[in-house]
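> Quick one: the structure is below, questions incoming.
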Amino acid sequence: MKNFRIIKQSKLSQARLGVITTAHGKIQTPFFMPDATRAAVKGLSMNDLKMLGLPAMVINTYHLYLQPGIDLMKKSQGAHHFMNWPKPLLSDSGGYQVYSLIHKNSSFGKITDEKVIFKSPLDGSRHEFTPEKSIQIQFDLGADMIVCLDDCPPNSLSAEKMRLSIKRTVSWAKRCRQEYDRQIRKRNLDNNKPMLFGVIQGGTDLAMRKWCAEELIKISSPGGQGFDGYGYGARPVDGDGKFLAAVLQHTAEQIPADKLRFGLGIGLPEDIARCARMGWDMFDCVIPTREGRHGKLFFWKTNSKSNFLNSQNFYNTINITNAKFKQDLSPINEHSNIPELREHSKAYLHHLLKIQESLGYRLASLNNLEFYLDLMKKIRQAIDNDKL
RNA sequence: GGGUCGGUGGCAGAGCGGUCAAAUGCAUGAGACUGUAAAUCUCACGCCUCACGGCUACGUAGGUUCGAAUCCUACCCGGCCCA
């Protein structure tokens, strides 16, 4: 059974339309997932997310392992039941925490070729993550799409260290693949396999990205060669925040066309549009929710051209906490399909965020997620019409 | 009326002779945020100047001192206690 099927290839670019089939329903690609790292999209209820038509979300192995713990996940028969979320889930491996905690600050742990030693930011306790353990936990979480534990390096790493890091990521991917096969047998999941993703590292160096991709694709098992999909790992921007378009383009080209391409942590709306054009199929990012909580709202510009997604500036942002919105009684978003965003004023949302009221976080997150989901829909339509 | 403690920047509140345009918190203003240690972080925050620097300021008015938010005197205002 093949769980990713390409439906249409754009005549204009590498962009494609597809469908993923999971045990919790189908997903049309390209698509975007918000991050529900600790089993919640901050500020939003599952009903909110259903109302938005959210296709899937990303939960995190490391965070859920620390809190509330995997025993409870097993007892709840997985994250879907625990969260009461009926649609697909993707669990991230904890590889990003190798970067965000340890690479950035070595007092948070240590990386060896064998495993990662984390010191919990919650209470300082010591925890070991092996590739095998990450996969086991992800099976316990019961996610529909799971990710190999990787060593996510800073882009600034020296060439020599980057080479070692990639070797580690590849060796861990092998071990993840073996553990995955073991779990499938052990749990009798032959007809209900989660999809497994490898993560391509290599910083900003095209040759390193290519090498990492090739090594990952070579990994084989009785279950087949390579992975169901491949992710782009590490920050997609340089030190100045400039999008690494050439690296994304080159990395996409290394991934076999019939495999899913997952841009981890991407990104800004224009970056997602560009990546879709390169043939990337799935995205996740904290931007819409985090920046919403911090007051930044995304809005469509009124565009008449049908190929507006190819332009640089197809949207506006405002910072609703700016003083100029204090007295602005106009709707938060008059074009929204969400009644609350049409009926509440900007002044009200300004006020809610100023007093740190959770309703403010919710309204801002709703606005931005609606924008992102709309963006993905427009991208899919554009591909369908050969406009992207 | 008597006693007592106190009056500091938008607010709260340190400071108690020089290193004070004055700690800290809040509020305010702006910015950042890309597989969420993020309801977080950064910067600004008396006035003038891009800046060097200058000016005005710790209730009011005097005084002591080389020098006062800090000491003294009077007055004004507030809290508490007594009558």
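Every chain in the structure tokens has a letter given in the order shown (A, B, ...), and although residue numbers restart at 1 in each chain, ligands are simply numbered from 1 in the order shown.
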If we count only C-alpha atoms (C1' of nucleotides), what is near region 67-70 of chain B at a cut-off of 7 Å, once residues fewer than 3 positions away on the same chain are taken out, given as a list in words?

U8, C16, G17, G18 and C58 of chain B

> Could you turn the residues from that selection into a file that holds N, CA and C atoms (P, O5', C5', C4', C3', O3' and C1' of nucleotides), as an mmCIF file, in the first residue's frame?


```cif
data_model
loop_
_atom_site.group_PDB
_atom_site.id
_atom_site.type_symbol
_atom_site.label_atom_id
_atom_site.label_comp_id
_atom_site.auth_asym_id
_atom_site.auth_seq_id
_atom_site.Cartn_x
_atom_site.Cartn_y
_atom_site.Cartn_z
ATOM 1 P P U B 8 6.643 61.206 46.592
ATOM 2 O "O5'" U B 8 8.159 61.391 46.195
ATOM 3 C "C5'" U B 8 8.582 62.577 45.496
ATOM 4 C "C4'" U B 8 9.851 62.293 44.749
ATOM 5 C "C3'" U B 8 9.717 61.278 43.605
ATOM 6 O "O3'" U B 8 9.285 61.917 42.415
ATOM 7 C "C1'" U B 8 11.586 60.723 44.951
ATOM 8 P P C B 16 22.055 55.454 51.135
ATOM 9 O "O5'" C B 16 21.795 57.015 51.074
ATOM 10 C "C5'" C B 16 22.800 57.966 51.436
ATOM 11 C "C4'" C B 16 22.137 58.959 52.339
ATOM 12 C "C3'" C B 16 22.220 58.626 53.835
ATOM 13 O "O3'" C B 16 22.995 59.634 54.508
ATOM 14 C "C1'" C B 16 19.937 59.044 53.128
ATOM 15 P P G B 17 24.497 59.591 54.479
ATOM 16 O "O5'" G B 17 24.554 60.838 53.478
ATOM 17 C "C5'" G B 17 25.761 61.304 53.151
ATOM 18 C "C4'" G B 17 25.625 62.208 52.002
ATOM 19 C "C3'" G B 17 26.836 62.080 51.082
ATOM 20 O "O3'" G B 17 26.394 61.969 49.754
ATOM 21 C "C1'" G B 17 26.474 64.336 51.747
ATOM 22 P P G B 18 27.220 60.680 49.027
ATOM 23 O "O5'" G B 18 27.789 61.359 47.711
ATOM 24 C "C5'" G B 18 26.945 62.175 46.898
ATOM 25 C "C4'" G B 18 27.821 62.965 45.971
ATOM 26 C "C3'" G B 18 28.535 62.157 44.904
ATOM 27 O "O3'" G B 18 28.102 62.696 43.677
ATOM 28 C "C1'" G B 18 30.043 63.612 46.033
ATOM 29 P P C B 58 13.513 69.411 43.020
ATOM 30 O "O5'" C B 58 12.935 68.161 43.808
ATOM 31 C "C5'" C B 58 12.977 66.942 43.175
ATOM 32 C "C4'" C B 58 12.250 65.872 43.922
ATOM 33 C "C3'" C B 58 12.483 65.864 45.441
ATOM 34 O "O3'" C B 58 11.357 65.295 46.110
ATOM 35 C "C1'" C B 58 13.649 64.051 44.412
#
```

> List as a ChimeraX atom specification the protein and nucleic acid residues near region 96-112 of chain A, meaning an atom at most 10 Å away when only C-alpha atoms (C1' of nucleotides) are counted, but skip any in the same chain fewer than 3 places from it.

/A:60-63,92-93,115-121,124,126-130,149-154,157,165,168,233-235,264-265 /B:35-37

> Go through chain B and flag each residue having an atom no more than 10 Å from chain A; for those, report the closest pair of atoms plus their distance in Å to one decimal, using only C-alpha atoms (C1' of nucleotides), ordered by chain and rising number, as CSV.


```
residue,atom,partner,partner_atom,distance
B:U28,C1',A:Ala323,CA,9.6
B:G29,C1',A:Ala323,CA,8.0
B:A30,C1',A:Asn322,CA,8.4
B:C33,C1',A:Glu291,CA,6.7
B:U34,C1',A:Gly267,CA,4.6
B:G35,C1',A:Leu264,CA,4.4
B:U36,C1',A:Val286,CA,6.4
B:A37,C1',A:Pro121,CA,5.8
B:A38,C1',A:Arg290,CA,7.6
B:A39,C1',A:Gln356,CA,6.8
B:U40,C1',A:His294,CA,8.9
```

> Taking N, CA and C atoms (P, O5', C5', C4', C3', O3' and C1' of nucleotides) for each residue, export the selection above as a compact mmCIF listing (two decimals), in the first residue's frame.


```txt
# COMPACT_ATOMS: atom_id res chain seq x y z
P U B 28 0.84 49.12 29.12
O5' U B 28 1.61 50.40 28.56
C5' U B 28 1.00 51.69 28.59
C4' U B 28 1.99 52.72 28.14
C3' U B 28 2.60 52.47 26.77
O3' U B 28 1.74 52.88 25.73
C1' U B 28 4.31 53.07 28.29
P G B 29 1.68 52.00 24.41
O5' G B 29 3.03 52.39 23.66
C5' G B 29 3.24 53.72 23.23
C4' G B 29 4.60 53.85 22.63
C3' G B 29 4.97 52.74 21.65
O3' G B 29 4.41 52.94 20.37
C1' G B 29 6.77 53.13 23.12
P A B 30 4.08 51.65 19.48
O5' A B 30 5.54 51.17 19.05
C5' A B 30 6.28 51.91 18.08
C4' A B 30 7.68 51.38 17.99
C3' A B 30 7.84 49.95 17.51
O3' A B 30 7.70 49.83 16.11
C1' A B 30 9.25 50.31 19.35
P C B 33 12.77 38.12 13.05
O5' C B 33 12.39 36.92 14.04
C5' C B 33 13.39 36.19 14.77
C4' C B 33 12.68 35.41 15.86
C3' C B 33 11.81 34.29 15.31
O3' C B 33 12.04 33.08 16.02
C1' C B 33 10.52 35.76 16.66
P U B 34 12.90 31.91 15.44
O5' U B 34 12.05 31.36 14.21
C5' U B 34 10.77 30.75 14.43
C4' U B 34 10.49 29.82 13.25
C3' U B 34 11.61 28.80 13.02
O3' U B 34 11.12 27.49 12.83
C1' U B 34 11.25 30.14 11.07
P G B 35 10.15 26.80 13.91
O5' G B 35 9.95 25.27 13.91
C5' G B 35 10.93 24.39 13.34
C4' G B 35 10.24 23.10 13.55
C3' G B 35 10.53 22.50 14.93
O3' G B 35 9.45 22.84 15.81
C1' G B 35 11.16 20.99 13.20
P U B 36 9.52 22.07 17.37
O5' U B 36 10.07 23.18 18.36
C5' U B 36 9.86 24.58 18.10
C4' U B 36 10.03 25.30 19.42
C3' U B 36 9.71 24.33 20.59
O3' U B 36 10.82 23.99 21.42
C1' U B 36 8.20 26.25 20.52
P A B 37 12.06 24.59 21.97
O5' A B 37 12.22 24.05 23.44
C5' A B 37 13.11 24.60 24.35
C4' A B 37 12.38 25.19 25.50
C3' A B 37 12.07 26.68 25.25
O3' A B 37 10.67 26.93 25.09
C1' A B 37 13.19 26.31 27.35
P A B 38 9.48 27.11 25.99
O5' A B 38 9.22 28.64 25.64
C5' A B 38 9.29 29.70 26.53
C4' A B 38 8.61 30.87 25.90
C3' A B 38 7.41 30.54 25.05
O3' A B 38 6.41 31.45 25.36
C1' A B 38 9.08 31.64 23.74
P A B 39 4.90 31.25 25.36
O5' A B 39 4.46 32.59 26.07
C5' A B 39 4.72 33.84 25.46
C4' A B 39 4.01 34.87 26.29
C3' A B 39 4.42 34.75 27.75
O3' A B 39 4.67 36.00 28.32
C1' A B 39 2.08 34.25 27.46
P U B 40 5.85 36.45 29.22
O5' U B 40 7.21 36.02 28.47
C5' U B 40 7.98 34.91 28.91
C4' U B 40 9.06 34.63 27.90
C3' U B 40 10.02 35.77 27.68
O3' U B 40 11.02 35.78 28.69
C1' U B 40 9.30 34.97 25.58
```

> As an NGL selection string, which residues of region 4-175 of chain A does DSSP assign to helix (DSSP H, G or I)?

:A and (46-52 or 61-66 or 70-75 or 79-83 or 95-103 or 106-108 or 131-141 or 159-175)

> Could you jot down the CA of Leu66 (chain A) to CA of His24 (chain A) separation for me, Å, one decimal place?

25.6 Å

> Determine which residues of region 111-235 of chain A receive a DSSP assignment of strand (DSSP E or B), computed from the backbone, and state them as a PyMOL selection string.

chain A and resi 111+116-119+126-129+145-147+195-200+220-221+224-225+229-232

> Could you check which of A:Gly69, A:Arg277, A:Thr321, A:Glu214 is closest to Ser10 (chain A), using only C-alpha atoms?

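Under the stated criterion, the closest residue is A:Arg277.
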
> Report the distance between CA of Ser134 (chain A) and CA of Tyr65 (chain A) in Å, rounded to one decimal place.

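Separation between CA of Ser134 (chain A) and CA of Tyr65 (chain A): 9.4 Å.
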
> Quick one: of B:A51, B:U64, B:A14, B:G59, who's nearest to G78 (chain B), counting only C-alpha atoms (C1' of nucleotides)?

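So, comparing all the options, the nearest one is B:G59.
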
> Quick one: residues within 10 Å of Ile70 (chain A), only C-alpha atoms (C1' of nucleotides) counted, chain neighbours fewer than 6 positions away excluded, as a PyMOL selection string?

chain A and resi 61+64+76+78-79+137-138+140-141

> May I ask which of the residues B:A61, B:C80, B:A32, B:C72 is the closest one to G3 (chain B), counting only C-alpha atoms (C1' of nucleotides)?

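Looking at the shortest contact to G3 (chain B), the residue is B:C80.
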
> For Asn191 (chain A), which of A:Val41, A:Ile383, A:Ala23, A:Met73 is the closest residue, counting only C-alpha atoms?

A:Ala23
